[in-house]
Each structure stands twice: as C-alpha cells, then as structure tokens.
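Engineer: Structure supplied as protein-v3.txt; contents: compact mmCIF, C-alpha atoms.
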# COMPACT_ATOMS: atom_id res chain seq x y z
CA MET A 132 2.33 34.30 -11.89
CA ALA A 133 0.61 34.50 -8.50
CA VAL A 134 -1.93 36.84 -10.05
CA THR A 135 -2.53 34.44 -12.94
CA HIS A 136 -3.33 31.56 -10.61
CA ALA A 137 -5.45 33.76 -8.38
CA ILE A 138 -7.65 34.86 -11.26
CA ALA A 139 -7.69 31.51 -13.09
CA ALA A 140 -8.48 29.24 -10.20
CA GLY A 141 -8.21 30.97 -6.84
CA MET A 142 -10.97 31.57 -4.34
CA GLY A 143 -9.84 35.14 -3.86
CA GLY A 144 -8.63 35.11 -0.29
CA MET A 145 -10.15 37.87 1.79
CA ARG A 146 -12.10 39.18 -1.21
CA ALA A 147 -14.30 36.13 -0.70
CA ALA A 148 -13.87 33.13 1.60
CA GLY A 149 -10.59 31.68 0.38
CA ASP A 150 -8.75 32.23 3.64
CA LEU A 151 -11.59 30.62 5.58
CA VAL A 152 -11.63 27.51 3.39
CA ALA A 153 -7.83 27.40 3.65
CA ARG A 154 -8.11 27.40 7.44
CA MET A 155 -10.27 24.27 7.31
CA GLN A 156 -7.71 22.54 5.10
CA MET A 157 -4.96 23.57 7.47
CA SER A 158 -6.62 22.95 10.81
CA GLN A 159 -8.62 19.82 9.98
CA GLY A 160 -6.95 18.46 6.84
CA MET A 161 -10.20 18.77 4.92
CA ARG A 162 -10.20 18.21 1.17
CA ILE A 163 -11.50 21.09 -0.91
CA GLY A 164 -15.12 19.94 -1.25
CA GLU A 165 -15.48 19.15 2.43
CA ALA A 166 -13.82 22.41 3.46
CA LYS A 167 -16.12 24.45 1.23
CA THR A 168 -19.24 22.67 2.52
CA TYR A 169 -18.15 23.21 6.12
CA VAL A 170 -17.46 26.93 5.68
CA ALA A 171 -20.61 27.48 3.61
CA ASP A 172 -22.71 25.89 6.36
CA LYS A 173 -21.09 28.04 9.03
CA LEU A 174 -21.62 31.23 7.04
CA GLY A 175 -25.12 30.42 5.82
CA VAL A 176 -24.21 30.62 2.13
CA SER A 177 -23.92 28.11 -0.69
CA PRO A 178 -20.50 26.67 -1.63
CA VAL A 179 -20.65 28.59 -4.93
CA GLU A 180 -21.18 31.86 -3.07
CA LEU A 181 -17.95 31.31 -1.11
CA SER A 182 -16.02 32.57 -4.14
CA ASP A 183 -18.41 35.44 -4.89
CA PRO A 184 -16.86 38.71 -3.66
CA VAL A 185 -20.21 40.47 -3.83
CA VAL A 186 -21.89 38.07 -1.41
CA MET A 187 -18.83 37.51 0.74
CA ASN A 188 -18.13 41.22 1.20
CA GLU A 189 -21.48 41.55 2.94
CA VAL A 190 -21.01 38.35 4.92
CA ARG A 191 -17.54 39.39 6.07
CA GLU A 192 -18.78 42.84 7.04
CA ASP A 193 -21.76 41.46 8.96
CA LEU A 194 -19.74 38.80 10.77
CA ARG A 195 -16.64 40.97 11.22
CA LEU A 196 -14.31 38.49 9.52
CA GLY A 197 -11.98 41.09 8.02
CA MET A 198 -12.35 42.84 4.70
CA VAL A 199 -10.04 43.95 1.94
CA ARG A 200 -11.23 47.57 2.17
CA ASP A 201 -9.62 49.37 5.08
CA LEU A 202 -12.73 50.88 6.64
CA PRO A 203 -12.78 52.58 10.04
CA GLY A 204 -14.31 50.56 12.82
CA MET A 205 -14.18 47.24 10.97
CA ALA A 206 -12.38 44.25 12.46
CA LYS A 207 -8.81 44.00 11.21
CA GLY A 208 -5.91 41.63 11.62
CA ILE A 209 -6.05 39.75 14.88
CA GLU A 210 -9.49 41.19 15.69
CA SER A 211 -10.90 39.48 12.62
CA LYS A 212 -9.11 36.26 13.48
CA PHE A 213 -10.89 36.10 16.83
CA ARG A 214 -14.14 36.32 14.91
CA ILE A 215 -13.03 33.76 12.33
CA ALA A 216 -12.15 31.28 15.08
CA GLU A 217 -15.52 31.78 16.71
CA VAL A 218 -17.58 31.53 13.51
CA LEU A 219 -15.72 28.51 12.14
CA GLY A 220 -15.40 26.78 15.51
CA ILE A 221 -11.64 26.31 15.22
CA GLU A 222 -8.57 27.19 17.21
CA ILE A 223 -6.09 29.64 15.75
CA ASN A 224 -2.57 29.35 17.14
CA CYS A 225 -1.73 33.04 17.33
CA LEU A 226 -4.91 33.76 19.29
CA ASN A 227 -3.80 31.42 22.06
CA ARG A 228 -0.45 33.20 22.18
CA PHE A 229 -2.20 36.58 22.16
CA ARG A 230 -4.40 35.66 25.11
CA GLU A 231 -1.44 34.31 27.04
CA ARG A 232 0.85 37.26 26.41
CA SER A 233 -1.77 39.94 26.89
CA GLY A 234 -2.90 38.40 30.16
CA LEU A 235 -6.42 37.98 28.86
CA GLY A 236 -6.23 34.29 29.70
CA ALA A 237 -8.02 31.37 28.07
CA MET B 205 -9.26 24.63 -37.53
CA GLY B 206 -6.08 26.44 -38.51
CA LYS B 207 -2.89 26.67 -36.53
CA ILE B 208 -3.16 27.31 -32.81
CA LEU B 209 -0.72 29.39 -30.78
CA THR B 210 0.76 27.44 -27.90
CA ARG B 211 4.06 27.17 -26.01
CA MET B 212 7.07 24.98 -25.60
CA GLY B 213 8.37 24.08 -22.17
CA ASP B 214 11.02 26.77 -22.52
CA GLY B 215 8.28 29.36 -23.09
CA THR B 216 8.75 29.76 -26.85
CA LEU B 217 5.53 30.64 -28.64
CA ILE B 218 4.83 28.16 -31.44
CA GLU B 219 2.02 27.27 -33.82
CA ALA B 220 0.52 23.81 -33.77
CA SER B 221 -2.31 22.11 -35.56
CA GLU B 222 -5.08 20.35 -33.70
CA SER B 223 -3.66 16.99 -34.70
CA GLU B 224 -0.20 17.97 -33.43
CA LEU B 225 -1.68 19.04 -30.10
CA ARG B 226 -3.61 15.81 -29.88
CA ARG B 227 -0.45 13.85 -30.62
CA ASP B 228 1.46 15.72 -27.91
CA LEU B 229 -1.27 15.07 -25.35
CA GLU B 230 -1.22 11.35 -26.19
CA THR B 231 2.56 11.08 -26.03
CA GLY B 232 2.75 13.18 -22.86
CA THR B 233 0.38 10.97 -20.95
CA GLY B 234 2.06 7.90 -22.46
CA ASP B 235 5.48 9.05 -21.29
CA ALA B 236 4.31 9.26 -17.67
CA ALA B 237 2.30 6.05 -17.81
CA ASP B 238 5.10 4.01 -19.40
CA LYS B 239 7.91 5.29 -17.20
CA VAL B 240 6.14 5.41 -13.86
CA GLY B 241 3.53 2.67 -14.22
CA VAL B 242 0.47 4.81 -13.60
CA PRO B 243 -2.70 4.85 -15.71
CA ARG B 244 -2.84 7.02 -18.82
CA LEU B 245 -5.42 9.78 -18.99
CA VAL B 246 -8.68 8.47 -20.42
CA GLN B 247 -10.12 9.72 -23.69
CA GLY B 248 -12.57 12.14 -22.03
CA GLU B 249 -9.73 13.76 -20.11
CA LEU B 250 -7.60 14.09 -23.23
CA ASP B 251 -10.56 15.63 -25.07
CA HIS B 252 -11.03 18.09 -22.22
CA LEU B 253 -7.34 19.01 -22.42
CA LEU B 254 -7.59 19.45 -26.17
CA ASP B 255 -10.53 21.83 -25.67
CA ILE B 256 -8.38 23.87 -23.26
CA PHE B 257 -5.50 24.07 -25.74
CA THR B 258 -7.57 24.82 -28.81
CA THR B 259 -9.46 27.69 -27.22
CA PRO B 260 -7.92 30.81 -28.80
CA ALA B 261 -8.38 32.97 -25.71
CA LYS B 262 -5.20 34.08 -24.00
CA PHE B 263 -6.56 33.20 -20.60
CA ALA B 264 -8.29 30.11 -19.28
CA SER B 265 -10.07 29.76 -15.97
CA VAL B 266 -12.17 27.37 -13.95
CA GLU B 267 -15.94 27.73 -13.93
CA LEU B 268 -17.58 29.84 -11.25
CA GLY B 269 -17.85 27.86 -8.06
CA ASN B 270 -14.96 25.49 -8.82
CA GLU B 271 -12.20 27.65 -7.39
CA VAL B 272 -9.58 26.18 -5.07
CA VAL B 273 -7.25 27.39 -2.34
CA LEU B 274 -3.93 29.02 -3.22
CA SER B 275 -1.05 28.60 -0.78
CA PHE B 276 1.89 30.87 -1.55
CA ASP B 277 5.14 29.12 -0.73
CA GLY B 278 8.12 31.45 -0.69
CA GLY B 279 5.68 34.19 0.24
CA THR B 280 7.59 37.34 1.03
CA LEU B 281 10.52 36.32 -1.18
CA LYS B 282 8.49 37.20 -4.23
CA THR B 283 8.35 40.94 -3.69
CA ARG B 284 12.04 41.00 -2.86
CA ARG B 285 12.84 39.23 -6.14
CA LEU B 286 10.85 41.86 -8.01
CA GLY B 287 13.06 44.53 -6.49
CA VAL B 288 10.17 46.06 -4.64
CA ALA B 289 11.80 47.43 -1.49
CA THR B 290 8.95 46.82 0.89
CA GLY B 291 9.05 45.32 4.35
CA ARG B 292 7.88 41.74 4.68
CA ILE B 293 4.86 42.63 6.79
CA GLN B 294 3.71 45.03 4.08
CA ALA B 295 4.32 42.33 1.48
CA ILE B 296 2.05 39.99 3.41
CA GLN B 297 -0.65 42.65 3.56
CA PHE B 298 -0.28 43.33 -0.14
CA PHE B 299 -0.64 39.65 -1.02
CA GLU B 300 -3.69 39.15 1.18
CA ARG B 301 -5.45 42.33 0.13
CA ALA B 302 -4.44 42.93 -3.48
CA LEU B 303 -3.32 39.59 -4.91
CA GLY B 304 -6.06 37.29 -3.62
CA ALA B 305 -3.81 35.07 -1.52
CA ASP B 306 -5.74 32.54 0.52
CA THR B 307 -2.71 31.90 2.71
CA MET B 308 0.65 33.64 2.97
CA GLU B 309 4.11 32.76 4.17
CA LEU B 310 6.75 34.72 6.02
CA ALA B 311 10.08 33.79 4.48
CA HIS B 312 13.66 34.96 4.95
CA ILE B 313 15.71 35.74 1.87
CA ASP B 314 18.28 33.13 3.00
CA TYR B 315 15.54 30.58 2.71
CA SER B 316 17.03 27.52 4.42
CA TYR B 317 16.34 26.13 7.88
CA LYS B 318 20.07 25.81 8.60
CA GLN B 319 20.61 29.48 7.85
CA ILE B 320 17.59 30.62 9.85
CA LYS B 321 18.51 28.71 13.00
CA PRO B 322 21.02 31.31 14.28
CA ILE B 323 18.65 34.18 13.54
CA ALA B 324 15.38 32.56 14.54
CA GLY B 325 15.13 34.96 17.44
CA ASP B 326 15.05 37.85 14.98
CA GLU B 327 12.52 36.17 12.71
CA GLN B 328 10.08 35.49 15.50
CA PRO B 329 9.20 39.14 16.29
CA VAL B 330 8.55 39.79 12.60
CA LEU B 331 6.19 36.82 12.52
CA GLU B 332 4.51 37.92 15.73
CA GLN B 333 3.92 41.42 14.37
CA ALA B 334 2.72 40.06 11.03
CA LEU B 335 0.19 37.87 12.80
CA LEU B 336 -1.26 40.91 14.56
CA VAL B 337 -2.03 42.78 11.33
CA SER B 338 -2.85 39.97 8.91
CA THR B 339 -6.08 38.04 8.45
CA VAL B 340 -5.20 35.14 6.14
CA PRO B 341 -3.47 32.07 7.59
CA LEU B 342 0.26 32.71 7.87
CA PHE B 343 2.92 30.05 7.44
CA TYR B 344 6.59 30.29 8.29
CA GLY B 345 8.58 28.57 5.58
CA ALA B 346 12.03 27.61 4.37
CA MET B 347 13.86 24.81 2.60
CA PRO B 348 15.35 21.75 4.31
CA ASN B 349 18.19 22.16 1.73
CA LEU B 350 20.51 19.41 2.94
CA GLY B 351 23.06 20.42 0.32
CA ILE B 352 24.40 23.15 2.61
CA TYR B 353 25.31 20.71 5.36
CA SER B 354 28.28 19.53 3.29
CA GLN B 355 31.73 21.03 3.62
CA PRO B 356 32.82 23.77 3.06
CA ASP B 357 29.39 25.26 3.87
CA GLY B 358 28.46 22.79 6.56
CA PRO B 359 29.83 20.30 9.08
CA VAL B 360 29.76 16.99 7.20
CA PRO B 361 32.24 15.68 4.60
CA ASN B 362 31.07 16.37 1.06
CA PRO B 363 29.54 13.24 -0.53
CA ALA B 364 30.03 14.73 -4.00
CA GLU B 365 33.79 14.73 -3.35
CA LEU B 366 33.84 11.33 -1.68
CA LEU B 367 31.99 9.46 -4.41
CA PRO B 368 34.52 10.10 -7.24
CA GLN B 369 37.15 8.72 -4.86
CA GLY B 370 35.15 5.51 -4.61
CA LYS B 371 34.33 6.21 -0.96
CA ILE B 372 30.69 5.15 -1.16
CA LYS B 373 30.37 4.05 2.47
CA GLU B 374 31.88 7.33 3.64
CA ALA B 375 29.57 9.32 1.35
CA ARG B 376 26.54 7.53 2.74
CA THR B 377 27.72 8.16 6.29
CA ALA B 378 28.03 11.86 5.44
CA HIS B 379 24.45 11.91 4.14
CA GLU B 380 23.25 10.21 7.34
CA GLU B 381 25.04 12.78 9.48
CA ALA B 382 23.52 15.60 7.44
CA VAL B 383 20.07 14.17 8.13
CA GLU B 384 20.68 14.32 11.89
CA HIS B 385 21.84 17.95 11.73
CA ALA B 386 18.95 18.97 9.49
CA VAL B 387 16.28 17.36 11.64
CA ARG B 388 17.60 19.24 14.66
CA ASP B 389 17.65 22.56 12.79
CA ILE B 390 14.21 22.15 11.23
CA VAL B 391 12.63 21.13 14.53
CA TYR B 392 14.35 24.03 16.33
CA VAL B 393 13.19 26.67 13.85
CA GLY B 394 9.76 25.12 13.38
CA SER B 395 9.21 25.00 17.12
CA LYS B 396 10.19 28.63 17.56
CA MET B 397 7.77 29.73 14.86
CA VAL B 398 4.91 27.65 16.23
CA GLU B 399 5.58 29.14 19.66
CA SER B 400 5.34 32.57 18.06
CA GLY B 401 1.92 31.76 16.67
CA ALA B 402 2.44 30.57 13.09
CA ASP B 403 -0.61 28.92 11.54
CA GLY B 404 1.64 26.45 9.79
CA ILE B 405 5.16 25.47 8.87
CA ASN B 406 6.09 25.02 5.22
CA PHE B 407 8.89 22.79 3.95
CA ASP B 408 9.72 24.09 0.49
CA THR B 409 11.62 22.16 -2.23
CA THR B 410 11.71 19.02 -0.09
CA GLY B 411 13.90 16.37 -1.64
CA ALA B 412 16.10 18.85 -3.48
CA ALA B 413 19.16 17.04 -2.14
CA GLY B 414 17.65 13.64 -2.72
CA ASP B 415 16.57 10.91 -0.35
CA PRO B 416 18.43 12.32 2.68
CA ASP B 417 16.57 15.60 2.19
CA PHE B 418 13.19 13.86 2.03
CA LEU B 419 13.99 11.66 5.04
CA ALA B 420 15.08 14.59 7.20
CA THR B 421 11.85 16.42 6.38
CA LEU B 422 9.64 13.44 7.15
CA ARG B 423 11.38 12.86 10.47
CA ALA B 424 11.21 16.54 11.40
CA THR B 425 7.51 16.51 10.54
CA GLU B 426 6.95 13.56 12.88
CA ILE B 427 8.67 15.33 15.75
CA LEU B 428 6.90 18.64 15.20
CA LYS B 429 3.51 16.95 15.00
CA GLN B 430 4.20 15.10 18.24
CA LYS B 431 5.12 18.38 19.93
CA TYR B 432 2.32 20.39 18.33
CA PRO B 433 -0.46 18.04 17.18
CA ASP B 434 -2.67 20.84 15.87
CA ILE B 435 -0.07 22.63 13.76
CA CYS B 436 -0.40 22.53 9.97
CA ILE B 437 2.64 21.15 8.15
CA GLU B 438 2.79 21.81 4.41
CA LEU B 439 5.38 19.77 2.53
CA GLY B 440 6.19 20.95 -0.98
CA MET B 441 8.50 18.91 -3.15
CA ALA B 442 11.46 19.97 -5.29
CA GLY B 443 11.18 17.42 -8.07
CA GLU B 444 8.94 14.71 -9.39
CA PHE B 445 10.95 11.81 -8.05
CA ILE B 446 13.38 11.38 -5.18
CA LEU B 447 17.00 11.29 -6.31
CA GLY B 448 18.91 8.43 -4.72
CA MET B 449 21.86 10.44 -3.45
CA HIS B 450 22.31 7.89 -0.65
CA GLY B 451 20.23 5.24 -2.36
CA GLU B 452 19.32 3.08 0.62
CA MET B 453 17.47 5.41 2.93
CA THR B 454 14.04 4.23 3.98
CA TYR B 455 11.07 5.59 5.89
CA ASP B 456 8.56 3.20 7.41
CA GLY B 457 10.25 0.39 5.51
CA VAL B 458 9.88 2.09 2.12
CA ARG B 459 12.98 2.98 0.16
CA LEU B 460 12.84 6.68 -0.69
CA ALA B 461 14.97 6.77 -3.82
CA GLY B 462 12.87 6.76 -6.97
CA LEU B 463 9.51 7.54 -5.40
CA TYR B 464 7.01 9.48 -7.51
CA PRO B 465 4.20 11.77 -6.24
CA HIS B 466 1.60 9.03 -5.75
CA GLU B 467 4.09 7.20 -3.52
CA GLN B 468 5.55 10.29 -1.84
CA VAL B 469 2.15 11.42 -0.58
CA LYS B 470 1.58 8.18 1.33
CA LEU B 471 4.77 8.64 3.34
CA ALA B 472 4.04 12.33 3.86
CA GLN B 473 0.67 11.39 5.34
CA LYS B 474 2.26 8.81 7.61
CA ALA B 475 4.70 11.39 8.93
CA GLY B 476 1.84 13.76 9.75
CA VAL B 477 1.93 16.21 6.87
CA THR B 478 -1.29 18.22 6.57
CA ILE B 479 -0.99 19.54 3.00
CA PHE B 480 1.16 17.87 0.32
CA GLY B 481 2.60 19.77 -2.62
CA PRO B 482 3.73 17.43 -5.43
CA VAL B 483 5.89 18.47 -8.34
CA VAL B 484 6.11 17.37 -11.95
CA ASN B 485 9.10 18.78 -13.81
CA THR B 486 8.67 20.66 -17.10
CA ASN B 487 10.53 19.30 -20.10
CA THR B 488 11.77 22.34 -22.04
CA SER B 489 12.09 20.32 -25.28
CA GLN B 490 8.44 19.39 -25.32
CA SER B 491 5.29 21.45 -25.79
CA SER B 492 3.03 22.75 -23.02
CA ALA B 493 0.42 20.23 -24.15
CA TRP B 494 2.85 17.35 -23.73
CA ASN B 495 3.98 18.66 -20.36
CA LEU B 496 0.47 19.26 -19.06
CA ALA B 497 -0.78 15.83 -20.12
CA ARG B 498 2.22 14.31 -18.38
CA THR B 499 1.66 16.42 -15.28
CA LEU B 500 -1.97 15.40 -15.00
CA THR B 501 -1.08 11.72 -15.49
CA LEU B 502 1.41 11.81 -12.62
CA LEU B 503 -0.75 13.89 -10.28
CA LYS B 504 -4.06 12.09 -10.77
CA PRO B 505 -3.05 8.99 -8.76
CA CYS B 506 -1.40 11.25 -6.18
CA VAL B 507 -4.69 13.06 -5.57
CA GLU B 508 -6.65 9.79 -5.64
CA ASN B 509 -4.24 8.12 -3.16
CA SER B 510 -4.28 11.01 -0.75
CA ALA B 511 -6.40 11.49 2.36
CA ILE B 512 -4.92 14.97 2.86
CA PRO B 513 -5.29 18.09 0.71
CA VAL B 514 -2.98 18.20 -2.31
CA HIS B 515 -1.71 21.59 -3.44
CA ALA B 516 0.08 21.03 -6.73
CA ASN B 517 3.21 23.08 -7.33
CA VAL B 518 2.54 25.11 -10.48
CA GLY B 519 5.39 27.59 -10.49
CA MET B 520 8.26 28.22 -12.85
CA GLY B 521 9.39 24.95 -14.39
CA VAL B 522 6.90 22.73 -12.59
CA GLY B 523 3.35 21.62 -13.20
CA SER B 524 3.89 22.20 -16.97
CA VAL B 525 4.65 25.90 -16.46
CA PRO B 526 7.47 26.96 -18.81
CA VAL B 527 10.96 27.40 -17.44
CA VAL B 528 11.18 31.18 -17.79
CA ASP B 529 11.44 34.04 -15.31
CA ASN B 530 8.12 35.53 -16.43
CA PRO B 531 5.82 32.57 -17.05
CA PRO B 532 3.23 33.46 -19.71
CA THR B 533 -0.36 33.76 -18.50
CA ASP B 534 -1.69 31.56 -21.31
CA ALA B 535 0.37 28.56 -20.22
CA VAL B 536 -0.07 29.14 -16.50
CA SER B 537 -3.83 29.65 -16.63
CA LYS B 538 -4.34 26.54 -18.78
CA ALA B 539 -2.39 24.51 -16.24
CA SER B 540 -4.48 25.93 -13.39
CA LYS B 541 -7.74 25.12 -15.15
CA ALA B 542 -6.73 21.61 -16.15
CA LEU B 543 -5.40 20.66 -12.73
CA VAL B 544 -8.61 21.75 -11.02
CA GLU B 545 -11.07 20.37 -13.55
CA ILE B 546 -9.39 17.08 -14.51
CA VAL B 547 -7.30 16.05 -11.51
CA ARG B 548 -9.48 17.72 -8.84
CA ILE B 549 -6.61 19.13 -6.82
CA ASP B 550 -7.41 20.79 -3.52
CA GLY B 551 -5.22 23.78 -4.18
CA LEU B 552 -2.27 25.27 -5.95
How would this structure read if it were set down as structure tokens?
Structural biologist:
Amino acid sequence: MAVTHAIAAGMGGMRAAGDLVARMQMSQGMRIGEAKTYVADKLGVSPVELSDPVVMNEVREDLRLGMVRDLPGMAKGIESKFRIAEVLGIEINCLNRFRERSGLGA
Amino acid sequence: MGKILTRMGDGTLIEASESELRRDLETGTGDAADKVGVPRLVQGELDHLLDIFTTPAKFASVELGNEVVLSFDGGTLKTRRLGVATGRIQAIQFFERALGADTMELAHIDYSYKQIKPIAGDEQPVLEQALLVSTVPLFYGAMPNLGIYSQPDGPVPNPAELLPQGKIKEARTAHEEAVEHAVRDIVYVGSKMVESGADGINFDTTGAAGDPDFLATLRATEILKQKYPDICIELGMAGEFILGMHGEMTYDGVRLAGLYPHEQVKLAQKAGVTIFGPVVNTNTSQSSAWNLARTLTLLKPCVENSAIPVHANVGMGVGSVPVVDNPPTDAVSKASKALVEIVRIDGL
C-alpha cells in the first residue's frame, strides 16, 4: 500500500525533493503549496520540478543533498543533512546533537 | 457506458453502472453531511469523483506537479509484518531509497508509549544510529493506547468492568488516572527521543481508547512543545470521532466526546501539533464510491479549518481504503488522487 500511495500521489522522497518539502512542513508547519514554493526557491527550480527525479537527481548531486544511488564520494546520511540544513536555512535536531557529542561545537 | 469494476468497503470486486456509482457518491456525501452537519460535496466535486471511478484504468494518480508529502506512520513495523527479517535501520534505508518515503518512522513492535518507557534507553541508540545513516526526516512513533493502563495490564481499575456494575463515578476516576499515567509516559519517551535527535514524534491511533486517550495526547503535546518548541509533533487519529468512554472530558473548554475531524484539528492546533492526521472509517457494507465521497465530505472542512498541514490517514480501513490485509491498488490510488485533487490535503 505504501508503494501505491508513493506512485499515485507521492513526491518521491529522495528520488526528488519530497524529503525536503516534508522538512518544511515539519520544521515550520508550512502547508503543501507554501512548502513547495519555499523549497523550489531555495533550490532554484520550479515547484513542478520538485517532483521530477530527472531534474532533482542533478540538483541533489550538485548541492550534495543525498541521493538514492549509493555513489562513492557523494554525501550520505548525516553528511547530506548538514547540507540540507544549510541550503534550506533550517535547523535539524540530530545535527545539533551530532555537533555536541562529537565536540565540533555550535 | 457498460458496467464498471469497482470495490466494496470489504474489498470485494463488484460491477456497477454509472448511475449506481453516481447514486453512491450522492448518498455517501449525504450521509456525512446529515450526520455531522458539514457541507455536502458540490456538483463539480461529485462529477470529478465520478470521472475517477468510471475510468477503467486499474491505477489512478495525481497530475504531474500536484504530488504531496507522504509520512509513514508505523514505519519500521511494516517490514516486520511482512515477515522480512531485516533490522530496523535497514528498513528505514529501504523505505527512503526504494519506496519513495518522504519521511520515515522508527517504531518498536510493541508500539505503545507505556511499553516503550522501560526500554527507551535501548530504543535511543537505534534511533541515534539510524539518524547517522538516513537522509529523510525521521520520526519516533508509538500509540498513546490508554487501554493498556487498565488492570490487569496496567495500574488503574478497569472501567469496562466498573461500568456494568453501575460504578460510573469510579470508572471515570479510573479514566482520569489513566490519563495522568499516560501523559507521564508519553512525555518521558518523547523527551528521550527528542534528546537523541528525532526530527519528530508521532502519536499514532490517537483516541483509540476514546476521550481520555485524546486528552492525554493533547496534554502530552503541550508539555513536549513547551520543552522543545522546535520539535515536530504529528498526531494521527484512530477513528473519525472521539468515543465518549469518560464522556465529560474537556480540553480548552471543549468537550472531547463526539468530535469529528474538523473539530479535532482545532484542538490539536491549540495543543501545538505540527501535522494532523485525520481518519474517516470505511464502511464495509458500502461501496468504495460511497466511502470515498463520505471521506472527502468529512475531510474537506478539516483541511479548510486547519492552519497546520493535514496528512490524511489512508491505510487499511480508513480514508475509504477497503478493510483487507492487502488493499487493492485500484481503490487505494483512487483515494489518493481524490484526496489530493478535491480536498487539497497536504499529505498522506
């Protein structure tokens, strides 16, 4: 059923910009239109392109936001989240914990 | 147009004529409007629904560019239920990389906050490791599940045993005590997970044990938001209205028993909820068309009344999805499309 929803109506997560739009809903309580506009502006794409895996694959590679393909040298996991926080201009909880526990500071 | 293949709420495949589908859409929206006092769907919306149901394709989808966010409550429970013996961190990676999840949730198989409290210290390292390797936002989730606070499973006298004895006052007192215990447990576990770096806390099947269940979740939300103002709280409901198990519990002066989604969302917002997940129950004796029209009628005012994102619950038995273990893609995809295009939900 998860797959059905994902194909019928989902933004595609890391295949496109679904996780990024989700972060704006979660961190700022943005409704879907506002969240898409915000992310599109930050990425320099149109809101329609946010769901396009062809466009977003390039954008994610260029900006190091994490990609579905497991390629050597590309930002992964928490590395990509540091980039996501910077590009979107948001705080991500686990990054604060990471800095604190690793001694990297604020 | 000849007969069209469609479903009943129990998943049975049936044939219906266009006029029968139209009738079901009209009666479905009428059922919600008459019982709950919300507006019926307008003719354009019913026509749009009819188009969705009369399309012979097995699969329906939104138009390019109209996609929404999917939040996966229950998260890592899903792979376990399929019998796929993978670790939960791998399940999270699989969902984010292969299944298009926009968010994911770390969940324990004993999916209740009361049960997680004694093992929270073992859940936290799993969450912390998952956060290192995942990219999508990661919730920690469980159910408030006030039912397990009653004896013999929990500390309070069982209201279901007290009521048949005519001990109404004692039953209500038991519910009130359960609320106090649950708030403490939810805040304890939620706090631990936020401290470990969770992007959000999910309250799944809120209201399953009625108004005490809903009240405990709202109060726990308030406390968690005061402690952690930036944390995301997602509150997903169990049913379409709040059962009055106590009957007189209130939040912010509003009695909780009997509230429907468009009323529930207002209180959720007041408590500090970030994303609200309403439910409309599927009637297995009615068709998918009837159920979907009814679902849209109940959710439209919820979305319109809300200042926060609304992620409709569209899983087994809710949101017009048939009550079967393997929900058919035709029914599920039509529900997805209709909810996005007609009600303008923010997510599923």
Engineer: May I have the residues of chain B within 7 Å of chain A, counting only C-alpha atoms, written as an MDAnalysis selection string?
Structural biologist: chainID B and resid 264:266 269 271:274 300:301 303:307 335:341 401:403 434 436 478 512:513 531 533 536:537 540:541 550
Engineer: Near Leu463 (chain B), within 9 Å and counting all atoms listed in the file, which residues show up once chain neighbours fewer than 2 positions away are dropped, as an MDAnalysis selection string?
Structural biologist: chainID B and resid 444:447 459:461 465:468
Engineer: For Met441 (chain B), which residue out of B:Ser275, B:Asn517, B:Asn509, B:Thr290 is the nearest one, using all atoms listed in the file?
Structural biologist: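 With all atoms listed in the file as the atom set, the closest residue is B:Asn517.
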Engineer: For a test of reading the model, state the distance in Å between CA of Ile427 (chain B) and CA of Val391 (chain B), rounded to one decimal.
Structural biologist: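 For CA of Ile427 (chain B) relative to CA of Val391 (chain B), the distance reads 7.1 Å.
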Engineer: From the list A:Leu202, A:Val185, A:Val190, A:Ile221, which residue is nearest Ala171 (chain A) when using only C-alpha atoms?
Structural biologist: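 With only C-alpha atoms as the atom set, the closest residue is A:Val190.
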